[in-house]
Every structure is written in C-alpha cells, then in structure tokens.
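Read through the structure below, which is laid out as structure tokens, and then see the notes.
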Amino acid sequence: MIVDVPIHCLSCGTLLVQKIPAGEDRLRGVCPECGKIHYCNPKMVVGTLIEQDDQILLCRRAIEPAVGLWTPPAGFLEMNESMAEGAARETLEEALADVEIIRPFARVDLIRIGQVHEMFLARLRDPQVGAGEESLEVKWFCWSEIPWPDLAFPVIEWILRLRMADLQAQQEQYHCGSLRWKEVGSPMSLDNYDLGDLQSLRLKV
Ligand SMILES: [Zn+2]
C-alpha cells in the first residue's frame with residue numbers, strides 16, 4: 001500500500017516510533033512523548049460525471065500526478081462537507097462548472113493506495129464551463145471519442161467503461177467494486193487489476 005504517513009507527532013512534534021499498540025494487531029506511528037497514536041486510514045475522493053447531449057465533460061490535468069491526462073472533475077473530500085457537496089465543489093474548482101448532483105454512480109475501493117472513490121452523476125445548472133487552476137483545459141467528449149489511452153488513472157477508465165455500458169444497455173445501475181492490483185504489470189493499467197468483486201445494482205427509473 002502506498003500512503004503518506006506522519007514522521008513526527010501531530011500533537012507535540014516528537015519523532016514517532018513504529019509499534020503495535022496494546023490491543024491492536026498492526027504497526028502504528030506512536031509518540032514516545034505524549035502517547036498519541038497516529039492512525040492511517042483510506043482517504044475519500046469524490047467527483048462527478050457530467051453528461052449532456054450524449055457527451056461527457058473531462059478535464060485535462062494541470063497538476064501531478066498524471067499531468068496532461070484526462071479525468072472527470074474529482075478530488076479529496078474536505079472536512080465539514082458531504083460527499084455530494086465535495087463532488088460539486090471539486091467540479092466548480094476544476095471545471096468552473098456549477099452542477100446539480102443527480103445520484104451516486106459508483107464506489108470503488110483503491111486497495112493499493114488507500115483511497116475510496118465515490119463518483120456522482122451530475123447535470124449543469126449553468127451551461128458555462130472552463131478550465132480551473134488545476135486543469136489545462138476542459139472538453140466535452142462523445143462516448144465514441146473518449147481518449148482511453150490518455151485517461152489519468154485506472155479507476156477513471158473503469159468508471160467510464162461502466163457508465164458507457166449502462167448507457168448502451170439503456171439501464172441505470174449503481175456500481176460497487178474494488179481495484180485489486182495483481183502485483184504484476186504496471187499499476188497504471190486497468191488490465192493488471194482484479195475487478196472480480198464488482199456488484200452492479202439495478203435501479204428503478
Ligand atoms: Zn506527541
């Protein structure tokens with residue numbers, strides 16, 4: 001797993017030691033001075049799929065990781081907001097788009113990097129869109145023209161493929177699944193993940 005872990009105590013600044021606290025079963029960063037235990041847990045990423053006239057809005061990333069590659073607007077959930085609010089905020093920041101959230105579309109656990117992604121379907125409240133500070137450009141893509149080799153992350157490819165399949169089948173579903181890297185091949189390729197626990201729940205519309 002790849003996560004940032006604190007080296008110094010977040011309360012008093014002392015260098016942490018790695019130890020298994022009493023009653024637990026794994027190493028944690030523990031402060032030898034004040035005793036604070038530093039838990040590392042997955043982070044939430046929230047974003048939107050904005051559809052209009054058989055097209056979807058993608059942003060070309062201006063920041064690392066995956067600078068220059070395409071993704072729907074998405075980013076880390078902040079304190080004091082719901083997932084839907086966070087998704088709308090990220091969409092405003094990255095695509096200068098004022099959106100109304102329609103419904104959750106997919107939840108994906110990214111086991112290797114300790115993230116959980118929740119992607120929502122959304123529609124524009126105002127037709128105007130543009131590149132925010134973290135985007136080089138934003139562009140509408142027909143489903144037949146999605147830049148598959150230039151998508152930013154495997155989770156994005158998976159979510160877009162699920163949405164495209166639903167639209168082609170004229171069905172509405174909510175998808176839950178995990179990206180488990182097979183530990184061979186590039187972790188940037190969707191081909192190298194086990195997607196076997198996907199659950200797709202059919203919605204009444
Ligand atoms: Zn401390």
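Note on naming: chains are A, B, ... as they come in the structure tokens, residues start from 1 per chain, ligands start from 1 in the order shown.
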
Excluding region 86-102 of chain A and residues on its chain fewer than 3 positions from it, collect all residues at most 12 Å away from it, counting only C-alpha atoms, and give them as a CSV table (one decimal) with N, CA and C atoms, in the first residue's frame.
```
chain,number,residue,atom,x,y,z
A,44,MET,N,-11.1,9.7,1.2
A,44,MET,CA,-12.2,9.7,0.2
A,44,MET,C,-11.9,10.7,-0.9
A,45,VAL,N,-12.2,10.2,-2.1
A,45,VAL,CA,-12.1,11.0,-3.3
A,45,VAL,C,-13.5,11.1,-3.9
A,46,VAL,N,-14.0,12.3,-4.3
A,46,VAL,CA,-15.3,12.5,-4.8
A,46,VAL,C,-15.3,13.2,-6.1
A,47,GLY,N,-16.2,12.9,-7.0
A,47,GLY,CA,-16.2,13.6,-8.3
A,47,GLY,C,-17.5,13.4,-9.0
A,48,THR,N,-17.5,14.0,-10.2
A,48,THR,CA,-18.8,14.0,-11.0
A,48,THR,C,-18.6,13.5,-12.4
A,49,LEU,N,-19.6,12.8,-12.9
A,49,LEU,CA,-19.7,12.5,-14.4
A,49,LEU,C,-20.8,13.5,-14.8
A,50,ILE,N,-20.5,14.4,-15.7
A,50,ILE,CA,-21.4,15.4,-16.2
A,50,ILE,C,-21.8,15.0,-17.6
A,51,GLU,N,-23.0,14.7,-17.8
A,51,GLU,CA,-23.4,14.3,-19.2
A,51,GLU,C,-24.3,15.3,-19.8
A,52,GLN,N,-24.2,15.5,-21.1
A,52,GLN,CA,-25.0,16.4,-21.8
A,52,GLN,C,-25.0,16.1,-23.3
A,57,LEU,N,-18.1,15.5,-19.8
A,57,LEU,CA,-17.1,16.6,-19.6
A,57,LEU,C,-15.9,16.0,-18.9
A,58,LEU,N,-14.7,16.2,-19.5
A,58,LEU,CA,-13.5,15.7,-18.9
A,58,LEU,C,-12.5,16.9,-18.8
A,59,CYS,N,-11.6,16.8,-17.8
A,59,CYS,CA,-10.6,17.9,-17.6
A,59,CYS,C,-9.3,17.3,-17.9
A,60,ARG,N,-8.4,18.1,-18.5
A,60,ARG,CA,-7.0,17.6,-18.7
A,60,ARG,C,-6.2,18.2,-17.5
A,61,ARG,N,-5.5,17.3,-16.8
A,61,ARG,CA,-4.9,17.7,-15.5
A,61,ARG,C,-3.7,18.6,-15.7
A,62,ALA,N,-3.7,19.7,-14.9
A,62,ALA,CA,-2.5,20.6,-14.9
A,62,ALA,C,-1.5,20.3,-13.8
A,63,ILE,N,-1.9,19.3,-13.0
A,63,ILE,CA,-1.0,19.1,-11.8
A,63,ILE,C,-0.7,17.6,-11.7
A,70,TRP,N,-6.5,12.9,-18.9
A,70,TRP,CA,-7.9,13.3,-18.8
A,70,TRP,C,-8.6,12.6,-17.6
A,71,THR,N,-9.5,13.3,-17.0
A,71,THR,CA,-10.3,12.8,-15.9
A,71,THR,C,-11.5,13.6,-15.7
A,72,PRO,N,-12.6,13.0,-15.2
A,72,PRO,CA,-13.7,13.8,-14.8
A,72,PRO,C,-13.3,14.6,-13.6
A,73,PRO,N,-13.9,15.7,-13.3
A,73,PRO,CA,-13.5,16.5,-12.1
A,73,PRO,C,-13.7,15.7,-10.8
A,74,ALA,N,-12.7,15.6,-10.0
A,74,ALA,CA,-12.7,14.9,-8.8
A,74,ALA,C,-11.5,15.3,-7.9
A,75,GLY,N,-11.7,15.1,-6.6
A,75,GLY,CA,-10.6,15.4,-5.7
A,75,GLY,C,-11.0,14.9,-4.2
A,76,PHE,N,-10.1,15.2,-3.3
A,76,PHE,CA,-10.3,14.8,-1.9
A,76,PHE,C,-11.4,15.5,-1.2
A,77,LEU,N,-12.2,14.7,-0.5
A,77,LEU,CA,-13.3,15.2,0.3
A,77,LEU,C,-12.6,16.0,1.5
A,78,GLU,N,-13.2,17.2,1.7
A,78,GLU,CA,-12.7,18.0,2.8
A,78,GLU,C,-13.6,17.8,4.1
A,79,MET,N,-13.1,18.3,5.2
A,79,MET,CA,-13.9,18.3,6.4
A,79,MET,C,-15.1,19.2,6.3
A,80,ASN,N,-16.1,18.9,7.0
A,80,ASN,CA,-17.3,19.7,7.0
A,80,ASN,C,-18.1,19.8,5.7
A,81,GLU,N,-18.0,18.8,4.9
A,81,GLU,CA,-18.9,18.7,3.7
A,81,GLU,C,-19.3,17.3,3.5
A,82,SER,N,-20.5,17.1,2.8
A,82,SER,CA,-20.9,15.8,2.4
A,82,SER,C,-20.2,15.4,1.2
A,83,MET,N,-20.3,14.1,0.8
A,83,MET,CA,-19.6,13.6,-0.4
A,83,MET,C,-20.2,14.3,-1.6
A,105,PHE,N,-23.1,7.2,-8.6
A,105,PHE,CA,-23.0,6.2,-9.7
A,105,PHE,C,-22.1,5.1,-9.4
A,117,HIS,N,-13.2,5.9,-3.8
A,117,HIS,CA,-13.7,6.9,-4.8
A,117,HIS,C,-15.2,6.8,-4.9
A,118,GLU,N,-15.9,7.9,-4.7
A,118,GLU,CA,-17.4,7.9,-5.0
A,118,GLU,C,-17.6,8.9,-6.1
A,119,MET,N,-18.2,8.4,-7.2
A,119,MET,CA,-18.4,9.2,-8.4
A,119,MET,C,-19.9,9.4,-8.5
A,120,PHE,N,-20.3,10.7,-8.7
A,120,PHE,CA,-21.8,11.0,-8.9
A,120,PHE,C,-22.1,11.4,-10.3
A,121,LEU,N,-23.3,11.1,-10.7
A,121,LEU,CA,-23.8,11.7,-11.9
A,121,LEU,C,-24.3,13.1,-11.6
A,122,ALA,N,-24.1,14.0,-12.5
A,122,ALA,CA,-24.5,15.4,-12.2
A,122,ALA,C,-24.9,16.1,-13.5
A,123,ARG,N,-25.6,17.2,-13.4
A,123,ARG,CA,-26.0,18.0,-14.6
A,123,ARG,C,-25.7,19.4,-14.3
A,124,LEU,N,-25.4,20.1,-15.4
A,124,LEU,CA,-25.0,21.5,-15.3
A,124,LEU,C,-26.2,22.4,-14.9
A,125,ARG,N,-26.0,23.3,-14.0
A,125,ARG,CA,-27.0,24.3,-13.7
A,125,ARG,C,-26.9,25.5,-14.6
A,126,ASP,N,-25.7,25.7,-15.0
A,126,ASP,CA,-25.4,26.8,-15.9
A,126,ASP,C,-24.5,26.3,-17.0
A,127,PRO,N,-24.8,26.6,-18.3
A,127,PRO,CA,-24.0,25.9,-19.4
A,127,PRO,C,-22.5,26.3,-19.4
A,128,GLN,N,-22.1,27.3,-18.7
A,128,GLN,CA,-20.8,27.7,-18.8
A,128,GLN,C,-19.8,26.8,-18.1
A,129,VAL,N,-18.7,26.4,-18.8
A,129,VAL,CA,-17.7,25.6,-18.1
A,129,VAL,C,-16.3,26.2,-18.6
A,130,GLY,N,-15.3,25.8,-17.9
A,130,GLY,CA,-13.9,26.3,-18.3
A,130,GLY,C,-12.9,25.6,-17.4
A,131,ALA,N,-11.6,25.9,-17.8
A,131,ALA,CA,-10.5,25.3,-17.1
A,131,ALA,C,-10.2,26.0,-15.8
A,132,GLY,N,-10.4,25.3,-14.6
A,132,GLY,CA,-10.0,25.8,-13.3
A,132,GLY,C,-8.4,25.8,-13.2
A,133,GLU,N,-8.0,26.2,-12.0
A,133,GLU,CA,-6.5,26.3,-11.9
A,133,GLU,C,-5.8,24.9,-12.0
A,134,GLU,N,-6.5,23.9,-11.7
A,134,GLU,CA,-5.9,22.5,-11.7
A,134,GLU,C,-6.1,21.8,-13.0
A,135,SER,N,-6.7,22.5,-14.0
A,135,SER,CA,-6.9,21.9,-15.3
A,135,SER,C,-6.2,22.8,-16.4
A,136,LEU,N,-5.7,22.0,-17.4
A,136,LEU,CA,-5.2,22.7,-18.6
A,136,LEU,C,-6.3,23.1,-19.6
A,137,GLU,N,-7.3,22.2,-19.7
A,137,GLU,CA,-8.5,22.5,-20.5
A,137,GLU,C,-9.6,21.6,-20.1
A,138,VAL,N,-10.8,21.9,-20.4
A,138,VAL,CA,-11.9,21.0,-20.2
A,138,VAL,C,-12.6,20.9,-21.6
A,139,LYS,N,-13.2,19.7,-21.8
A,139,LYS,CA,-13.7,19.4,-23.1
A,139,LYS,C,-14.8,18.4,-23.0
A,140,TRP,N,-15.8,18.6,-23.9
A,140,TRP,CA,-16.9,17.6,-24.0
A,140,TRP,C,-16.5,16.5,-25.0
```

Exercise. Please extract the residues at most 10 Å from ligand 1, counting only C-alpha atoms and all ligand atoms, and provide them as a PyMOL selection string, using the chain letters and residue numbers of this document.
Key: chain A and resi 8-16+30-38

What lies within 9 Å of region 153-163 of chain A using only C-alpha atoms, ignoring chain neighbours under 5 positions off, as a compact mmCIF listing (two decimals) with N, CA and C atoms, in the first residue's frame?
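See around-v6.txt below for the written result:
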```txt
# COMPACT_ATOMS: atom_id res chain seq x y z
N LEU A 49 -19.58 12.79 -12.94
CA LEU A 49 -19.73 12.53 -14.37
C LEU A 49 -20.84 13.46 -14.84
N ALA A 66 -0.21 12.47 -13.02
CA ALA A 66 -0.91 12.32 -14.30
C ALA A 66 -1.17 13.66 -14.97
N LEU A 69 -3.13 14.37 -18.56
CA LEU A 69 -4.08 13.30 -18.86
C LEU A 69 -5.49 13.69 -18.42
N TRP A 70 -6.48 12.93 -18.91
CA TRP A 70 -7.89 13.32 -18.79
C TRP A 70 -8.59 12.61 -17.65
N THR A 71 -9.49 13.34 -17.00
CA THR A 71 -10.28 12.77 -15.90
C THR A 71 -11.55 13.60 -15.73
N PRO A 72 -12.61 12.98 -15.23
CA PRO A 72 -13.73 13.81 -14.78
C PRO A 72 -13.26 14.64 -13.58
N PHE A 105 -23.10 7.18 -8.59
CA PHE A 105 -22.98 6.24 -9.71
C PHE A 105 -22.08 5.05 -9.38
N ALA A 106 -20.95 5.30 -8.74
CA ALA A 106 -20.02 4.19 -8.47
C ALA A 106 -19.19 4.48 -7.24
N ARG A 107 -18.91 3.41 -6.49
CA ARG A 107 -17.96 3.50 -5.39
C ARG A 107 -16.88 2.45 -5.63
N VAL A 108 -15.64 2.90 -5.63
CA VAL A 108 -14.53 1.99 -5.91
C VAL A 108 -13.49 2.10 -4.80
N LEU A 110 -9.78 1.63 -3.80
CA LEU A 110 -8.45 1.51 -4.40
C LEU A 110 -7.52 0.98 -3.31
N HIS A 117 -13.17 5.95 -3.83
CA HIS A 117 -13.71 6.95 -4.76
C HIS A 117 -15.22 6.80 -4.85
N MET A 119 -18.17 8.40 -7.19
CA MET A 119 -18.42 9.24 -8.35
C MET A 119 -19.93 9.42 -8.51
N ILE A 146 -13.91 8.92 -26.39
CA ILE A 146 -13.21 9.01 -25.11
C ILE A 146 -11.71 8.70 -25.34
N TRP A 148 -9.26 6.95 -24.33
CA TRP A 148 -8.96 5.85 -23.40
C TRP A 148 -7.48 5.76 -23.02
N GLN A 168 -25.31 2.22 -23.12
CA GLN A 168 -25.56 1.40 -24.31
C GLN A 168 -26.69 0.40 -24.05
N GLU A 172 -29.96 1.89 -15.73
CA GLU A 172 -29.36 2.71 -14.67
C GLU A 172 -28.91 1.79 -13.55
N GLN A 173 -27.63 1.86 -13.19
CA GLN A 173 -27.10 1.00 -12.13
C GLN A 173 -26.20 1.81 -11.19
N HIS A 175 -22.76 1.03 -9.01
CA HIS A 175 -21.70 0.02 -9.02
C HIS A 175 -20.82 0.16 -7.78
N LEU A 179 -10.54 -2.14 -6.81
CA LEU A 179 -9.40 -2.31 -7.71
C LEU A 179 -8.30 -3.01 -6.91
N PRO A 187 0.83 -0.81 -12.36
CA PRO A 187 -0.39 -0.46 -11.63
C PRO A 187 -1.16 0.68 -12.28
N MET A 188 -0.64 1.24 -13.36
CA MET A 188 -1.37 2.30 -14.06
C MET A 188 -2.25 1.73 -15.17
N SER A 189 -2.23 0.41 -15.36
CA SER A 189 -3.07 -0.20 -16.39
C SER A 189 -4.21 -0.99 -15.74
N LEU A 190 -5.43 -0.70 -16.20
CA LEU A 190 -6.61 -1.39 -15.65
C LEU A 190 -6.52 -2.90 -15.86
N ASP A 191 -5.79 -3.32 -16.91
CA ASP A 191 -5.65 -4.75 -17.21
C ASP A 191 -5.00 -5.52 -16.07
N TYR A 193 -5.50 -5.32 -12.88
CA TYR A 193 -6.29 -5.35 -11.65
C TYR A 193 -7.32 -6.46 -11.70
```

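With CA of Gly185 (chain A) on one side and CA of Asp166 (chain A) on the other, the separation reads 28.6 Å.
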
Quiz prompt | DSSP strand (DSSP E) residues within region 15-174 of chain A, as number ranges by chain | solution = A: 17-19, 28-30, 37-38, 43-52, 55-61, 70-71, 74-76, 99-110, 115-124, 135-142, 173-174

Self-check item: All helix (DSSP H, G or I) positions in chain A, as a ChimeraX atom specification
Solution: /A:83-95,143-145,148-150,154-168,190-192

Can those selected residues be exported to a file as a short mmCIF file (atom, residue, chain, number, x, y, z; two decimals), in the first residue's frame so that it contains N, CA and C atoms?
```cif
data_model
loop_
_atom_site.label_atom_id
_atom_site.label_comp_id
_atom_site.auth_asym_id
_atom_site.auth_seq_id
_atom_site.Cartn_x
_atom_site.Cartn_y
_atom_site.Cartn_z
N MET A 83 -20.26 14.06 0.83
CA MET A 83 -19.60 13.61 -0.40
C MET A 83 -20.17 14.34 -1.61
N ALA A 84 -21.50 14.51 -1.64
CA ALA A 84 -22.11 15.20 -2.78
C ALA A 84 -21.64 16.66 -2.83
N GLU A 85 -21.57 17.31 -1.68
CA GLU A 85 -21.08 18.70 -1.65
C GLU A 85 -19.63 18.77 -2.12
N GLY A 86 -18.82 17.81 -1.68
CA GLY A 86 -17.42 17.79 -2.09
C GLY A 86 -17.27 17.58 -3.59
N ALA A 87 -18.11 16.69 -4.14
CA ALA A 87 -18.05 16.44 -5.58
C ALA A 87 -18.42 17.70 -6.37
N ALA A 88 -19.45 18.41 -5.90
CA ALA A 88 -19.86 19.65 -6.58
C ALA A 88 -18.77 20.72 -6.43
N ARG A 89 -18.15 20.79 -5.27
CA ARG A 89 -17.07 21.78 -5.07
C ARG A 89 -15.88 21.49 -5.98
N GLU A 90 -15.47 20.23 -6.05
CA GLU A 90 -14.34 19.89 -6.92
C GLU A 90 -14.67 20.22 -8.38
N THR A 91 -15.92 20.01 -8.76
CA THR A 91 -16.34 20.27 -10.13
C THR A 91 -16.27 21.77 -10.44
N LEU A 92 -16.67 22.58 -9.45
CA LEU A 92 -16.57 24.03 -9.62
C LEU A 92 -15.10 24.46 -9.71
N GLU A 93 -14.24 23.85 -8.89
CA GLU A 93 -12.83 24.24 -8.88
C GLU A 93 -12.12 23.84 -10.18
N GLU A 94 -12.37 22.63 -10.64
CA GLU A 94 -11.58 22.09 -11.75
C GLU A 94 -12.18 22.38 -13.12
N ALA A 95 -13.51 22.49 -13.18
CA ALA A 95 -14.16 22.69 -14.49
C ALA A 95 -15.01 23.96 -14.51
N TRP A 143 -19.15 9.62 -26.37
CA TRP A 143 -18.71 8.34 -25.80
C TRP A 143 -17.85 7.56 -26.79
N SER A 144 -18.04 7.80 -28.07
CA SER A 144 -17.23 7.10 -29.07
C SER A 144 -15.84 7.72 -29.22
N GLU A 145 -15.61 8.84 -28.54
CA GLU A 145 -14.33 9.54 -28.70
C GLU A 145 -13.57 9.70 -27.39
N TRP A 148 -9.26 6.95 -24.33
CA TRP A 148 -8.96 5.85 -23.40
C TRP A 148 -7.48 5.76 -23.02
N PRO A 149 -6.54 5.84 -23.98
CA PRO A 149 -5.13 5.70 -23.58
C PRO A 149 -4.61 6.89 -22.79
N ASP A 150 -5.33 7.99 -22.82
CA ASP A 150 -4.86 9.20 -22.14
C ASP A 150 -5.71 9.55 -20.93
N PRO A 154 -6.43 4.28 -13.65
CA PRO A 154 -7.24 3.09 -13.96
C PRO A 154 -8.66 3.18 -13.41
N VAL A 155 -8.83 3.77 -12.24
CA VAL A 155 -10.19 3.87 -11.68
C VAL A 155 -11.10 4.69 -12.59
N ILE A 156 -10.54 5.69 -13.24
CA ILE A 156 -11.33 6.52 -14.16
C ILE A 156 -11.75 5.71 -15.37
N GLU A 157 -10.82 4.92 -15.90
CA GLU A 157 -11.17 4.08 -17.06
C GLU A 157 -12.29 3.12 -16.68
N TRP A 158 -12.18 2.52 -15.51
CA TRP A 158 -13.20 1.54 -15.09
C TRP A 158 -14.56 2.21 -14.97
N ILE A 159 -14.60 3.33 -14.29
CA ILE A 159 -15.88 4.02 -14.07
C ILE A 159 -16.49 4.48 -15.39
N LEU A 160 -15.68 5.00 -16.29
CA LEU A 160 -16.23 5.44 -17.59
C LEU A 160 -16.72 4.24 -18.41
N ARG A 161 -16.00 3.12 -18.34
CA ARG A 161 -16.46 1.93 -19.08
C ARG A 161 -17.79 1.42 -18.52
N LEU A 162 -17.94 1.47 -17.19
CA LEU A 162 -19.20 1.05 -16.58
C LEU A 162 -20.35 1.95 -17.01
N ARG A 163 -20.09 3.26 -17.05
CA ARG A 163 -21.16 4.18 -17.44
C ARG A 163 -21.52 4.00 -18.92
N MET A 164 -20.50 3.85 -19.75
CA MET A 164 -20.76 3.68 -21.18
C MET A 164 -21.59 2.42 -21.42
N ALA A 165 -21.26 1.34 -20.72
CA ALA A 165 -22.01 0.08 -20.89
C ALA A 165 -23.46 0.26 -20.44
N ASP A 166 -23.67 0.97 -19.35
CA ASP A 166 -25.04 1.20 -18.89
C ASP A 166 -25.84 2.01 -19.90
N LEU A 167 -25.21 3.04 -20.46
CA LEU A 167 -25.92 3.87 -21.44
C LEU A 167 -26.25 3.05 -22.70
N GLN A 168 -25.31 2.22 -23.12
CA GLN A 168 -25.56 1.40 -24.31
C GLN A 168 -26.69 0.40 -24.05
N LEU A 190 -5.43 -0.70 -16.20
CA LEU A 190 -6.61 -1.39 -15.65
C LEU A 190 -6.52 -2.90 -15.86
N ASP A 191 -5.79 -3.32 -16.91
CA ASP A 191 -5.65 -4.75 -17.21
C ASP A 191 -5.00 -5.52 -16.07
N ASN A 192 -4.26 -4.84 -15.23
CA ASN A 192 -3.48 -5.52 -14.19
C ASN A 192 -4.19 -5.52 -12.83
#
```

Quiz item: Neighbours of Asp4 (chain A) within 10 Å (only C-alpha atoms; same-chain residues fewer than 4 positions away dropped), as a ChimeraX atom specification?
Solution: /A:40,113-114

Practice problem: Name the closest residue to Asp54 (chain A) among the candidates A:Val67, A:Cys142, A:Leu27, A:Ile7; distances are taken between atoms, counting only C-alpha atoms. | Solution: A:Cys142

Quiz item: So how many Å separate CA of Trp181 (chain A) and CA of Val116 (chain A), to one decimal?
Solution: 14.7 Å

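Separating CA of Ser178 (chain A) from CA of Asp194 (chain A) is a distance of 7.9 Å.
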